[in-house]
file query.txt (compact mmCIF, C-alpha atoms)
# COMPACT_ATOMS: atom_id res chain seq x y z
CA MET A 1 17.57 -11.08 12.18
CA GLN A 2 19.59 -9.81 9.25
CA LEU A 3 18.18 -12.62 7.12
CA VAL A 4 14.63 -12.07 8.38
CA ALA A 5 14.89 -8.39 7.48
CA ALA A 6 16.23 -9.31 4.04
CA SER A 7 13.27 -11.52 3.17
CA LYS A 8 10.75 -9.00 4.52
CA MET A 9 12.42 -6.27 2.51
CA ARG A 10 12.14 -8.31 -0.67
CA ARG A 11 8.46 -8.89 -0.05
CA ALA A 12 7.69 -5.23 0.60
CA GLN A 13 9.60 -4.33 -2.53
CA ALA A 14 7.68 -6.86 -4.61
CA LEU A 15 4.37 -5.47 -3.31
CA THR A 16 5.42 -1.93 -4.20
CA LEU A 17 6.22 -2.99 -7.74
CA ALA A 18 2.98 -4.98 -8.00
CA SER A 19 0.86 -1.94 -7.21
CA ARG A 20 2.45 0.28 -9.88
CA PRO A 21 0.47 -0.95 -12.93
CA PHE A 22 -2.79 -0.28 -11.09
CA GLU A 23 -1.74 3.26 -10.36
CA GLU A 24 -0.54 3.89 -13.90
CA ARG A 25 -3.85 2.77 -15.39
CA LEU A 26 -5.79 4.85 -12.91
CA ARG A 27 -3.74 7.91 -13.86
CA THR A 28 -4.41 7.38 -17.57
CA ILE A 29 -8.12 7.15 -16.81
CA LEU A 30 -7.86 10.43 -14.94
CA ASP A 31 -6.06 12.02 -17.89
CA ASP A 32 -8.75 10.77 -20.25
CA LEU A 33 -11.41 12.14 -17.94
CA ALA A 34 -9.91 15.57 -17.43
CA PRO A 35 -11.28 17.15 -20.62
CA HIS A 36 -14.77 15.74 -19.93
CA ALA A 37 -15.32 16.58 -16.32
CA ASP A 38 -15.43 19.96 -14.73
CA PRO A 39 -12.41 20.26 -12.41
CA GLU A 40 -14.72 21.92 -9.93
CA ALA A 41 -16.81 18.76 -9.90
CA SER A 42 -15.00 17.07 -7.08
CA PRO A 43 -14.12 18.59 -3.72
CA LEU A 44 -10.82 16.70 -3.85
CA LEU A 45 -9.67 19.01 -6.65
CA ALA A 46 -10.48 22.22 -4.81
CA HIS A 47 -7.55 24.57 -4.97
CA ARG A 48 -7.53 26.93 -2.03
CA PRO A 49 -4.78 29.24 -0.78
CA ALA A 50 -2.40 27.21 1.39
CA GLU A 51 -3.38 28.29 4.88
CA ARG A 52 -3.38 25.01 6.77
CA THR A 53 -1.37 21.94 5.92
CA LEU A 54 -1.77 18.33 6.93
CA VAL A 55 1.21 16.00 6.81
CA ILE A 56 0.85 12.20 6.84
CA HIS A 57 4.09 11.19 8.51
CA VAL A 58 4.98 7.53 7.88
CA THR A 59 7.57 5.98 10.19
CA THR A 60 8.31 2.53 11.55
CA ASP A 61 6.90 0.93 14.67
CA ARG A 62 10.26 -0.28 15.89
CA GLY A 63 13.76 1.05 16.05
CA LEU A 64 17.03 -0.53 14.96
CA VAL A 65 16.67 1.12 11.59
CA GLY A 66 19.58 3.54 11.74
CA PRO A 67 18.86 7.21 11.14
CA MET A 68 15.82 6.59 8.91
CA ASN A 69 13.10 7.91 11.22
CA VAL A 70 15.19 10.80 12.49
CA ASN A 71 16.02 11.98 8.97
CA LEU A 72 12.37 11.88 7.96
CA LEU A 73 11.26 13.73 11.07
CA ARG A 74 13.82 16.46 10.46
CA GLN A 75 12.57 16.91 6.92
CA THR A 76 8.91 16.92 7.97
CA LEU A 77 9.50 19.51 10.66
CA ARG A 78 11.39 21.68 8.18
CA LEU A 79 8.41 21.49 5.82
CA ALA A 80 6.07 22.28 8.69
CA GLY A 81 8.22 25.28 9.56
CA GLU A 82 7.63 26.70 6.08
CA GLN A 83 3.84 26.40 6.40
CA LYS A 84 1.52 28.74 8.22
CA ALA A 85 -0.14 26.02 10.27
CA THR A 86 0.46 22.30 10.20
CA SER A 87 -1.25 19.30 11.68
CA PHE A 88 -0.20 15.66 11.40
CA ILE A 89 -1.43 12.14 10.89
CA ALA A 90 1.21 9.94 12.51
CA VAL A 91 1.70 6.44 11.12
CA GLY A 92 4.08 4.17 13.02
CA ARG A 93 4.92 4.23 16.69
CA LYS A 94 8.25 6.03 16.26
CA GLY A 95 6.59 8.95 14.54
CA ILE A 96 3.78 9.07 17.07
CA THR A 97 6.15 9.52 20.01
CA ALA A 98 8.48 11.86 18.12
CA LEU A 99 5.66 14.19 17.08
CA ARG A 100 4.21 14.19 20.57
CA ARG A 101 7.59 15.08 21.95
CA ALA A 102 7.89 17.90 19.42
CA HIS A 103 4.52 19.25 20.64
CA GLN A 104 2.81 19.00 17.25
CA THR A 105 -0.91 18.78 16.57
CA VAL A 106 -1.68 15.18 15.70
CA VAL A 107 -5.19 14.55 14.39
CA ALA A 108 -4.88 10.77 14.08
CA GLU A 109 -2.43 8.02 14.97
CA PHE A 110 -1.95 4.64 13.34
CA ALA A 111 0.40 2.00 14.70
CA ASN A 112 1.09 -1.68 14.01
CA ILE A 113 0.47 -1.66 10.28
CA SER A 114 0.93 -5.23 9.08
CA ASP A 115 4.07 -6.23 7.22
CA ARG A 116 1.87 -7.36 4.38
CA PRO A 117 -0.32 -4.29 4.25
CA THR A 118 -3.41 -4.27 2.08
CA THR A 119 -5.54 -1.33 1.10
CA VAL A 120 -7.91 -2.41 3.87
CA ASP A 121 -5.21 -1.45 6.39
CA THR A 122 -4.19 1.78 4.73
CA ASN A 123 -7.44 3.22 3.37
CA PRO A 124 -8.62 4.57 6.73
CA ILE A 125 -5.53 6.79 6.79
CA ALA A 126 -6.33 8.20 3.37
CA ARG A 127 -9.98 8.61 4.32
CA ILE A 128 -9.20 10.74 7.36
CA ALA A 129 -6.95 12.95 5.24
CA MET A 130 -9.70 13.33 2.62
CA GLU A 131 -12.30 14.12 5.26
CA GLU A 132 -10.08 16.83 6.72
CA PHE A 133 -9.52 18.26 3.26
CA VAL A 134 -13.12 18.11 2.08
CA ALA A 135 -14.36 19.63 5.33
CA GLY A 136 -12.02 22.56 4.65
CA ARG A 137 -10.01 22.07 7.84
CA VAL A 138 -6.83 21.78 5.76
CA ASP A 139 -5.90 23.17 2.34
CA ARG A 140 -2.94 20.96 1.46
CA VAL A 141 -2.13 17.36 2.28
CA TYR A 142 1.42 16.08 2.09
CA LEU A 143 2.71 12.58 2.45
CA ALA A 144 6.11 12.18 4.14
CA PHE A 145 7.75 8.77 3.93
CA THR A 146 11.09 7.12 3.31
CA LYS A 147 11.42 6.15 -0.32
CA PHE A 148 13.18 2.89 -1.05
CA VAL A 149 15.92 3.33 -3.66
CA ASN A 150 18.11 0.35 -2.93
CA LEU A 151 19.54 -1.58 -0.03
CA LEU A 152 21.92 1.19 0.94
CA ARG A 153 19.87 4.21 -0.02
CA GLN A 154 16.54 5.26 1.44
CA VAL A 155 15.51 8.83 0.83
CA PRO A 156 13.17 10.89 2.99
CA THR A 157 10.51 12.09 0.57
CA THR A 158 7.58 14.47 0.69
CA ILE A 159 4.88 14.55 -1.96
CA ARG A 160 1.68 16.54 -2.17
CA ILE A 161 -1.43 14.40 -2.54
CA LEU A 162 -4.22 16.96 -2.15
CA PRO A 163 -5.55 18.90 -3.95
CA LEU A 164 -5.03 16.35 -6.68
CA VAL A 165 -4.36 18.43 -9.77
CA PRO A 166 -0.99 20.20 -9.96
CA GLU A 167 -1.34 23.95 -9.77
CA ASP A 168 -0.15 24.69 -13.28
CA GLU A 169 -1.23 21.60 -15.19
CA ASP A 170 -1.92 22.22 -18.84
CA ILE A 171 -5.10 20.36 -19.67
CA ASP A 172 -5.06 21.60 -23.29
CA GLN A 173 -2.13 19.34 -24.05
CA LEU A 174 -4.21 16.23 -23.55
CA LYS A 175 -5.83 14.79 -26.63
CA PRO A 176 -9.49 14.19 -25.86
CA VAL A 177 -10.85 10.80 -26.90
CA GLN A 178 -14.57 10.42 -27.48
CA TYR A 179 -15.42 8.28 -24.51
CA ILE A 180 -18.64 6.72 -23.35
CA PHE A 181 -18.99 7.19 -19.61
CA GLU A 182 -21.22 5.05 -17.48
CA PRO A 183 -23.11 6.27 -15.57
CA ASP A 184 -21.57 9.73 -16.31
CA PRO A 185 -18.16 11.48 -16.19
CA ARG A 186 -18.79 13.01 -12.83
CA THR A 187 -19.61 9.74 -11.09
CA VAL A 188 -16.57 8.09 -12.63
CA LEU A 189 -14.41 11.00 -11.51
CA GLU A 190 -15.77 10.68 -8.01
CA ARG A 191 -14.72 7.03 -8.02
CA VAL A 192 -11.26 7.60 -9.48
CA LEU A 193 -10.06 10.46 -7.32
CA PRO A 194 -10.38 8.90 -3.86
CA ARG A 195 -8.76 5.72 -5.22
CA LEU A 196 -5.73 7.76 -6.29
CA VAL A 197 -5.34 9.26 -2.84
CA GLU A 198 -5.76 5.87 -1.17
CA LEU A 199 -3.25 4.36 -3.53
CA ALA A 200 -0.67 7.07 -2.86
CA VAL A 201 -0.93 6.34 0.86
CA TYR A 202 -0.77 2.58 0.30
CA GLN A 203 2.34 2.90 -1.82
CA ALA A 204 4.03 5.25 0.63
CA ILE A 205 3.51 2.67 3.34
CA LEU A 206 4.95 -0.08 1.17
CA GLU A 207 7.98 2.06 0.33
CA SER A 208 8.41 2.79 3.99
CA LYS A 209 8.25 -0.92 4.84
CA ALA A 210 10.86 -1.76 2.22
CA SER A 211 13.08 1.03 3.55
CA GLN A 212 12.56 -0.11 7.11
CA TYR A 213 13.71 -3.63 6.42
CA SER A 214 16.68 -2.66 4.32
CA ALA A 215 17.79 -0.18 6.98
CA GLN A 216 17.27 -2.89 9.57
CA MET A 217 19.26 -5.35 7.51
CA VAL A 218 22.19 -2.95 7.21
CA ALA A 219 22.00 -2.13 10.92
CA MET A 220 22.01 -5.84 11.73
CA ARG A 221 24.93 -6.52 9.44
CA ASN A 222 26.90 -3.72 11.04
CA ALA A 223 26.07 -5.14 14.44
CA THR A 224 27.17 -8.63 13.38
CA GLU A 225 30.42 -7.27 11.99
CA ALA A 226 31.07 -5.15 15.07
CA ALA A 227 30.42 -8.16 17.27
CA GLY A 228 32.87 -10.19 15.15
CA ASP A 229 35.56 -7.54 15.61
CA LEU A 230 34.96 -7.47 19.36
CA ILE A 231 35.23 -11.24 19.58
CA ALA A 232 38.54 -11.17 17.69
CA ASP A 233 39.87 -8.45 19.99
CA PHE A 234 38.81 -10.23 23.16
CA THR A 235 40.14 -13.58 21.98
CA LEU A 236 43.52 -11.99 21.32
CA GLN A 237 43.51 -10.35 24.75
CA ALA A 238 42.52 -13.54 26.46
CA ASN A 239 45.23 -15.50 24.67
CA LYS A 240 47.82 -12.91 25.57
CA ALA A 241 46.78 -12.98 29.21
CA ARG A 242 46.93 -16.77 29.24
CA GLN A 243 50.37 -16.74 27.65
CA THR A 244 51.63 -14.27 30.23
CA ARG A 245 50.33 -16.45 33.02
CA ILE A 246 51.94 -19.58 31.59
CA THR A 247 55.26 -17.81 31.09
CA LYS A 248 55.13 -16.53 34.64
CA GLU A 249 54.37 -19.99 36.02
CA MET A 250 57.17 -21.55 33.99
CA LEU A 251 59.59 -18.96 35.30
CA GLU A 252 58.51 -19.68 38.86
CA ILE A 253 58.93 -23.42 38.41
CA ALA A 254 62.29 -22.98 36.72
CA SER A 255 63.61 -20.63 39.36
CA GLY A 256 62.21 -22.91 42.12
CA ALA A 257 63.98 -25.92 40.60
CA GLU A 258 67.16 -23.95 40.30
CA ALA A 259 67.00 -22.87 43.95
CA LEU A 260 66.44 -26.51 45.04
CA SER A 261 69.39 -27.85 43.02
CA LYS A 262 71.67 -25.20 44.52
CA ALA A 263 70.65 -26.09 48.02
CA MET B 1 -8.31 -8.84 -33.57
CA PRO B 2 -8.51 -10.06 -30.00
CA LEU B 3 -8.98 -7.97 -26.89
CA LYS B 4 -6.18 -7.44 -24.44
CA LEU B 5 -7.63 -7.93 -21.00
CA GLU B 6 -5.91 -6.85 -17.83
CA ILE B 7 -7.41 -7.20 -14.35
CA LEU B 8 -5.53 -5.21 -11.73
CA THR B 9 -5.92 -4.72 -8.01
CA PRO B 10 -3.68 -2.52 -5.86
CA GLU B 11 -1.99 -5.69 -4.60
CA ARG B 12 -1.43 -7.65 -7.78
CA ARG B 13 -2.16 -8.30 -11.40
CA VAL B 14 -4.89 -10.94 -11.31
CA TYR B 15 -5.24 -11.60 -15.01
CA GLU B 16 -3.55 -10.69 -18.25
CA ASP B 17 -4.30 -12.33 -21.56
CA GLU B 18 -5.69 -11.88 -25.04
CA VAL B 19 -9.37 -12.81 -25.10
CA ASP B 20 -12.35 -12.77 -27.45
CA MET B 21 -15.05 -11.33 -25.24
CA VAL B 22 -15.49 -9.86 -21.79
CA ILE B 23 -18.82 -9.71 -19.96
CA ALA B 24 -18.57 -7.33 -17.03
CA PRO B 25 -20.93 -6.32 -14.21
CA GLY B 26 -21.32 -2.62 -15.01
CA SER B 27 -23.04 -0.39 -12.46
CA GLU B 28 -25.92 -0.03 -14.95
CA GLY B 29 -26.12 -3.75 -15.70
CA TYR B 30 -24.04 -6.42 -17.36
CA LEU B 31 -22.28 -5.40 -20.52
CA GLY B 32 -20.42 -7.38 -23.13
CA ILE B 33 -17.24 -6.07 -24.70
CA LEU B 34 -16.26 -7.38 -28.12
CA PRO B 35 -13.26 -6.33 -30.19
CA ASN B 36 -13.43 -2.81 -31.66
CA HIS B 37 -15.70 -1.57 -28.92
CA ALA B 38 -15.98 2.21 -28.66
CA PRO B 39 -13.88 3.83 -25.91
CA LEU B 40 -15.72 3.37 -22.64
CA ILE B 41 -15.16 4.01 -18.99
CA THR B 42 -17.64 2.47 -16.61
CA GLU B 43 -18.11 1.93 -12.95
CA LEU B 44 -18.35 -1.73 -11.97
CA ALA B 45 -20.68 -3.34 -9.49
CA SER B 46 -19.69 -6.43 -7.51
CA GLY B 47 -20.44 -9.51 -9.54
CA GLU B 48 -19.11 -12.05 -11.96
CA LEU B 49 -16.83 -11.12 -14.78
CA ARG B 50 -16.89 -13.62 -17.62
CA VAL B 51 -14.02 -13.97 -20.02
CA LYS B 52 -14.44 -15.86 -23.28
CA LYS B 53 -11.47 -17.15 -25.15
CA GLY B 54 -12.02 -19.56 -28.02
CA SER B 55 -14.38 -22.22 -26.72
CA THR B 56 -13.43 -21.76 -23.06
CA GLU B 57 -15.03 -19.42 -20.62
CA GLN B 58 -13.52 -18.29 -17.37
CA ILE B 59 -15.39 -16.66 -14.53
CA LEU B 60 -13.93 -14.29 -11.99
CA ALA B 61 -15.48 -12.51 -9.05
CA VAL B 62 -14.85 -8.77 -9.00
CA PHE B 63 -15.79 -6.42 -6.19
CA GLY B 64 -16.56 -2.98 -7.57
CA GLY B 65 -14.11 -0.76 -9.38
CA LEU B 66 -13.75 0.63 -12.87
CA MET B 67 -13.37 -0.70 -16.37
CA ASP B 68 -11.61 1.16 -19.14
CA VAL B 69 -12.00 0.06 -22.75
CA ARG B 70 -9.86 1.67 -25.38
CA ASP B 71 -8.10 0.53 -28.55
CA ASN B 72 -9.02 -3.12 -27.91
CA ARG B 73 -7.50 -2.93 -24.51
CA VAL B 74 -9.71 -3.68 -21.53
CA SER B 75 -8.42 -2.69 -18.10
CA VAL B 76 -10.38 -3.70 -15.05
CA LEU B 77 -9.31 -1.85 -11.93
CA THR B 78 -10.90 -3.31 -8.84
CA GLU B 79 -10.35 -3.48 -5.14
CA ALA B 80 -10.33 -7.25 -5.26
CA ALA B 81 -10.76 -9.92 -7.91
CA GLU B 82 -10.70 -13.67 -7.56
CA ASN B 83 -10.44 -16.41 -10.08
CA SER B 84 -13.24 -18.95 -9.65
CA ASP B 85 -10.58 -21.63 -8.98
CA GLU B 86 -9.39 -19.64 -5.98
CA ILE B 87 -12.77 -19.52 -4.36
CA ASP B 88 -13.32 -21.92 -1.52
CA ASP B 89 -16.99 -22.84 -1.50
CA GLN B 90 -17.15 -23.86 2.12
CA ARG B 91 -15.36 -20.76 3.30
CA ALA B 92 -17.71 -18.56 1.29
CA GLN B 93 -20.65 -20.47 2.76
CA ALA B 94 -19.31 -19.88 6.27
CA ALA B 95 -18.58 -16.23 5.47
CA ARG B 96 -22.15 -15.78 4.32
CA GLU B 97 -23.53 -17.20 7.55
CA ASN B 98 -21.18 -15.05 9.62
CA ALA B 99 -22.09 -11.95 7.67
CA GLN B 100 -25.80 -12.67 8.08
CA LYS B 101 -25.37 -13.03 11.83
CA ALA B 102 -23.25 -9.88 12.02
CA LEU B 103 -25.85 -8.05 9.98
CA ALA B 104 -28.64 -9.14 12.30
CA VAL B 105 -26.64 -7.97 15.31
CA ALA B 106 -25.79 -4.66 13.66
CA VAL B 107 -29.38 -3.99 12.67
CA ALA B 108 -30.57 -4.87 16.18
CA SER B 109 -28.05 -2.53 17.80
CA THR B 110 -28.58 0.19 15.13
CA ASP B 111 -24.89 0.58 14.44
CA PRO B 112 -24.70 1.99 10.89
CA ALA B 113 -20.95 1.43 10.47
CA ALA B 114 -21.15 -2.21 11.51
CA GLU B 115 -24.22 -2.67 9.35
CA ALA B 116 -22.41 -1.31 6.29
CA ARG B 117 -19.45 -3.59 6.99
CA ALA B 118 -21.70 -6.60 7.41
CA ARG B 119 -23.63 -5.80 4.23
CA ALA B 120 -20.38 -5.48 2.31
CA SER B 121 -19.04 -8.81 3.51
CA LEU B 122 -22.39 -10.48 2.88
CA GLU B 123 -22.34 -9.15 -0.65
CA ARG B 124 -18.80 -10.43 -1.16
CA ALA B 125 -19.77 -13.86 0.10
CA LEU B 126 -22.80 -13.96 -2.18
CA VAL B 127 -20.76 -12.99 -5.23
CA ARG B 128 -18.25 -15.72 -4.41
CA LEU B 129 -20.98 -18.30 -4.02
CA ARG B 130 -22.65 -17.28 -7.25
CA VAL B 131 -19.37 -17.54 -9.14
CA SER B 132 -18.46 -20.94 -7.76
CA GLU B 133 -22.00 -22.23 -8.29
CA ARG B 134 -21.95 -21.24 -11.91
CA LYS B 135 -18.62 -22.91 -12.35
CA ARG B 136 -19.87 -26.14 -10.78
CA ARG B 137 -22.88 -26.30 -13.04
CA ARG B 138 -20.69 -25.96 -16.06
CA LEU B 139 -18.32 -28.76 -15.11
call {"tool": "encode", "arguments": {"input": "query.txt", "output": "structure tokens"}}
result
Amino acid sequence: MQLVAASKMRRAQALTLASRPFEERLRTILDDLAPHADPEASPLLAHRPAERTLVIHVTTDRGLVGPMNVNLLRQTLRLAGEQKATSFIAVGRKGITALRRAHQTVVAEFANISDRPTTVDTNPIARIAMEEFVAGRVDRVYLAFTKFVNLLRQVPTTIRILPLVPEDEDIDQLKPVQYIFEPDPRTVLERVLPRLVELAVYQAILESKASQYSAQMVAMRNATEAAGDLIADFTLQANKARQTRITKEMLEIASGAEALSKA
Amino acid sequence: MPLKLEILTPERRVYEDEVDMVIAPGSEGYLGILPNHAPLITELASGELRVKKGSTEQILAVFGGLMDVRDNRVSVLTEAAENSDEIDDQRAQAARENAQKALAVAVASTDPAAEARARASLERALVRLRVSERKRRRL
């Protein structure tokens, strides 16, 4: 199982890396667009006072991953405590049960995300979040997941994904390029923005998968080592017990023989 | 001065090379990009993307997305892209039939979500067939 986790971890990691160039290009397009399109143009950019918050909480479906899910939950609940009102989208069975147990408002639940997730699997999650935001039911959307750093380090992370533009972004710093937009800047903007949100969710799920399998791998290695130690201990005990028995038997035979020869 | 073409999907980098010309299915119709094209950002429709390099021409199927042209660098960002070599004719044929059946069922039962899904998969199958057909004729 340690080896299985290792290969799955490598795959999830490779997928995470493979999706980065796409995101980078999309961000540059957004930067190029910013001076041309009215920030009010898309409802995904709407900046409202933070009254209600939605958190997409990404956990694993199964356990045996050490403290990963617990750490993330603690962080999410701390964040929720700082907000006026918080609802959740729970991804992964562990998070679903934990949030239910904590009596939180869960608007949607997703379990059994494939180990080779595609945007087809993850886009519905992003879409629900966008619907909630556009409908004005929430004012901020955060994404809470376990970021994969390396085999031994996975960090619980929270990022804000909606509204899309940072509160104090300085648009004047961007150098406008004379672009031709087809059909027009607004339509292009409307295509780019949802993609960015979907991509953020997709990547968070990949990171979470990579974290899950590395945590699982470490847990399995610890279990294997612990089992090895136990076996060594028990073997020693068993050998000692056997030795004692043999010694005792030898003594009995010896003393029996002695008694007979005296008789 | 060749063009640097990059075709990206969220899952992988499908294509990266220096090319002479790109013909892309823009949302307003097909458009050809030659070196020193003015900066352009366009929405893409589903269709065939043709890449010319020297005397060879390669055809890919792309399914919607965006194209960004700037400083002789063409970036195609799409949900899915397939090289014509990767397309399995028979599977696309079967997918088209399935999608047509699903569409008929969806229309009959007036289920708009299922109808949209069926239309999308029918369109994907048709794009695939068109791309592989064009490739066959050329060979």
call {"tool": "atom_distance", "arguments": {"input": "query.txt", "atom1": "CA of Met250 in chain A", "atom2": "CA of Ile231 in chain A"}}
result
28.2 Å
call {"tool": "residues_around", "arguments": {"input": "query.txt", "residues": "Ala6 in chain A", "least_positions_apart": "3", "cutoff": "12 Å", "atoms": "only C-alpha atoms", "output": "MDAnalysis selection string"}}
result
chainID A and resid 1:3 9:13 151 209:221
call {"tool": "closest_atom_pairs", "arguments": {"input": "query.txt", "of": "chain A", "to": "chain B", "cutoff": "12 Å", "atoms": "all atoms listed in the file", "output": "JSON lines"}}
result
{"residue": "A:Arg11", "atom": "CA", "partner": "B:Glu11", "partner_atom": "CA", "distance": 11.8}
{"residue": "A:Ala12", "atom": "CA", "partner": "B:Glu11", "partner_atom": "CA", "distance": 11.0}
{"residue": "A:Gln13", "atom": "CA", "partner": "B:Glu11", "partner_atom": "CA", "distance": 11.9}
{"residue": "A:Ala14", "atom": "CA", "partner": "B:Arg12", "partner_atom": "CA", "distance": 9.7}
{"residue": "A:Leu15", "atom": "CA", "partner": "B:Glu11", "partner_atom": "CA", "distance": 6.5}
{"residue": "A:Thr16", "atom": "CA", "partner": "B:Glu11", "partner_atom": "CA", "distance": 8.3}
{"residue": "A:Leu17", "atom": "CA", "partner": "B:Arg12", "partner_atom": "CA", "distance": 9.0}
{"residue": "A:Ala18", "atom": "CA", "partner": "B:Arg12", "partner_atom": "CA", "distance": 5.2}
{"residue": "A:Ser19", "atom": "CA", "partner": "B:Pro10", "partner_atom": "CA", "distance": 4.8}
{"residue": "A:Arg20", "atom": "CA", "partner": "B:Pro10", "partner_atom": "CA", "distance": 7.8}
{"residue": "A:Pro21", "atom": "CA", "partner": "B:Leu8", "partner_atom": "CA", "distance": 7.5}
{"residue": "A:Phe22", "atom": "CA", "partner": "B:Leu8", "partner_atom": "CA", "distance": 5.7}
{"residue": "A:Glu23", "atom": "CA", "partner": "B:Pro10", "partner_atom": "CA", "distance": 7.6}
{"residue": "A:Glu24", "atom": "CA", "partner": "B:Leu8", "partner_atom": "CA", "distance": 10.6}
{"residue": "A:Arg25", "atom": "CA", "partner": "B:Ser75", "partner_atom": "CA", "distance": 7.6}
{"residue": "A:Leu26", "atom": "CA", "partner": "B:Leu77", "partner_atom": "CA", "distance": 7.6}
{"residue": "A:Arg27", "atom": "CA", "partner": "B:Leu77", "partner_atom": "CA", "distance": 11.4}
{"residue": "A:Thr28", "atom": "CA", "partner": "B:Asp68", "partner_atom": "CA", "distance": 9.6}
{"residue": "A:Ile29", "atom": "CA", "partner": "B:Asp68", "partner_atom": "CA", "distance": 7.3}
{"residue": "A:Leu30", "atom": "CA", "partner": "B:Ile41", "partner_atom": "CA", "distance": 10.5}
{"residue": "A:Asp32", "atom": "CA", "partner": "B:Ile41", "partner_atom": "CA", "distance": 9.4}
{"residue": "A:Leu33", "atom": "CA", "partner": "B:Ile41", "partner_atom": "CA", "distance": 9.0}
{"residue": "A:His36", "atom": "CA", "partner": "B:Ile41", "partner_atom": "CA", "distance": 11.8}
{"residue": "A:Arg116", "atom": "CA", "partner": "B:Glu11", "partner_atom": "CA", "distance": 9.9}
{"residue": "A:Pro117", "atom": "CA", "partner": "B:Glu11", "partner_atom": "CA", "distance": 9.1}
{"residue": "A:Thr118", "atom": "CA", "partner": "B:Glu11", "partner_atom": "CA", "distance": 7.0}
{"residue": "A:Thr119", "atom": "CA", "partner": "B:Pro10", "partner_atom": "CA", "distance": 7.3}
{"residue": "A:Val120", "atom": "CA", "partner": "B:Glu79", "partner_atom": "CA", "distance": 9.4}
{"residue": "A:Thr122", "atom": "CA", "partner": "B:Pro10", "partner_atom": "CA", "distance": 11.4}
{"residue": "A:Asn123", "atom": "CA", "partner": "B:Glu79", "partner_atom": "CA", "distance": 11.2}
{"residue": "A:Pro176", "atom": "CA", "partner": "B:Pro39", "partner_atom": "CA", "distance": 11.3}
{"residue": "A:Val177", "atom": "CA", "partner": "B:Pro39", "partner_atom": "CA", "distance": 7.7}
{"residue": "A:Gln178", "atom": "CA", "partner": "B:Pro39", "partner_atom": "CA", "distance": 6.8}
{"residue": "A:Tyr179", "atom": "CA", "partner": "B:Pro39", "partner_atom": "CA", "distance": 4.9}
{"residue": "A:Ile180", "atom": "CA", "partner": "B:Leu40", "partner_atom": "CA", "distance": 4.5}
{"residue": "A:Phe181", "atom": "CA", "partner": "B:Ile41", "partner_atom": "CA", "distance": 5.0}
{"residue": "A:Glu182", "atom": "CA", "partner": "B:Thr42", "partner_atom": "CA", "distance": 4.5}
{"residue": "A:Pro183", "atom": "CA", "partner": "B:Thr42", "partner_atom": "CA", "distance": 6.7}
{"residue": "A:Asp184", "atom": "CA", "partner": "B:Thr42", "partner_atom": "CA", "distance": 8.3}
{"residue": "A:Pro185", "atom": "CA", "partner": "B:Ile41", "partner_atom": "CA", "distance": 8.5}
{"residue": "A:Arg186", "atom": "CA", "partner": "B:Glu43", "partner_atom": "CA", "distance": 11.1}
{"residue": "A:Thr187", "atom": "CA", "partner": "B:Glu43", "partner_atom": "CA", "distance": 8.2}
{"residue": "A:Val188", "atom": "CA", "partner": "B:Glu43", "partner_atom": "CA", "distance": 6.4}
{"residue": "A:Leu189", "atom": "CA", "partner": "B:Glu43", "partner_atom": "CA", "distance": 9.9}
{"residue": "A:Glu190", "atom": "CA", "partner": "B:Glu43", "partner_atom": "CA", "distance": 10.3}
{"residue": "A:Arg191", "atom": "CA", "partner": "B:Glu43", "partner_atom": "CA", "distance": 7.9}
{"residue": "A:Val192", "atom": "CA", "partner": "B:Leu66", "partner_atom": "CA", "distance": 8.1}
{"residue": "A:Leu193", "atom": "CA", "partner": "B:Leu66", "partner_atom": "CA", "distance": 11.9}
{"residue": "A:Pro194", "atom": "CA", "partner": "B:Gly65", "partner_atom": "CA", "distance": 11.7}
{"residue": "A:Arg195", "atom": "CA", "partner": "B:Glu79", "partner_atom": "CA", "distance": 9.3}
{"residue": "A:Leu196", "atom": "CA", "partner": "B:Pro10", "partner_atom": "CA", "distance": 10.5}
{"residue": "A:Glu198", "atom": "CA", "partner": "B:Pro10", "partner_atom": "CA", "distance": 9.8}
{"residue": "A:Leu199", "atom": "CA", "partner": "B:Pro10", "partner_atom": "CA", "distance": 7.3}
{"residue": "A:Ala200", "atom": "CA", "partner": "B:Pro10", "partner_atom": "CA", "distance": 10.5}
{"residue": "A:Val201", "atom": "CA", "partner": "B:Pro10", "partner_atom": "CA", "distance": 11.5}
{"residue": "A:Tyr202", "atom": "CA", "partner": "B:Pro10", "partner_atom": "CA", "distance": 8.5}
{"residue": "A:Gln203", "atom": "CA", "partner": "B:Pro10", "partner_atom": "CA", "distance": 9.1}
{"residue": "A:Leu206", "atom": "CA", "partner": "B:Glu11", "partner_atom": "CA", "distance": 10.6}
call {"tool": "closest_residue", "arguments": {"input": "query.txt", "among": "B:Leu3, B:Val14, B:Ala95, B:Val74", "to": "Leu60 in chain B", "atoms": "only C-alpha atoms"}}
result
B:Val14
call {"tool": "atom_distance", "arguments": {"input": "query.txt", "atom1": "CA of Ala94 in chain B", "atom2": "CA of Pro25 in chain B"}}
result
24.6 Å
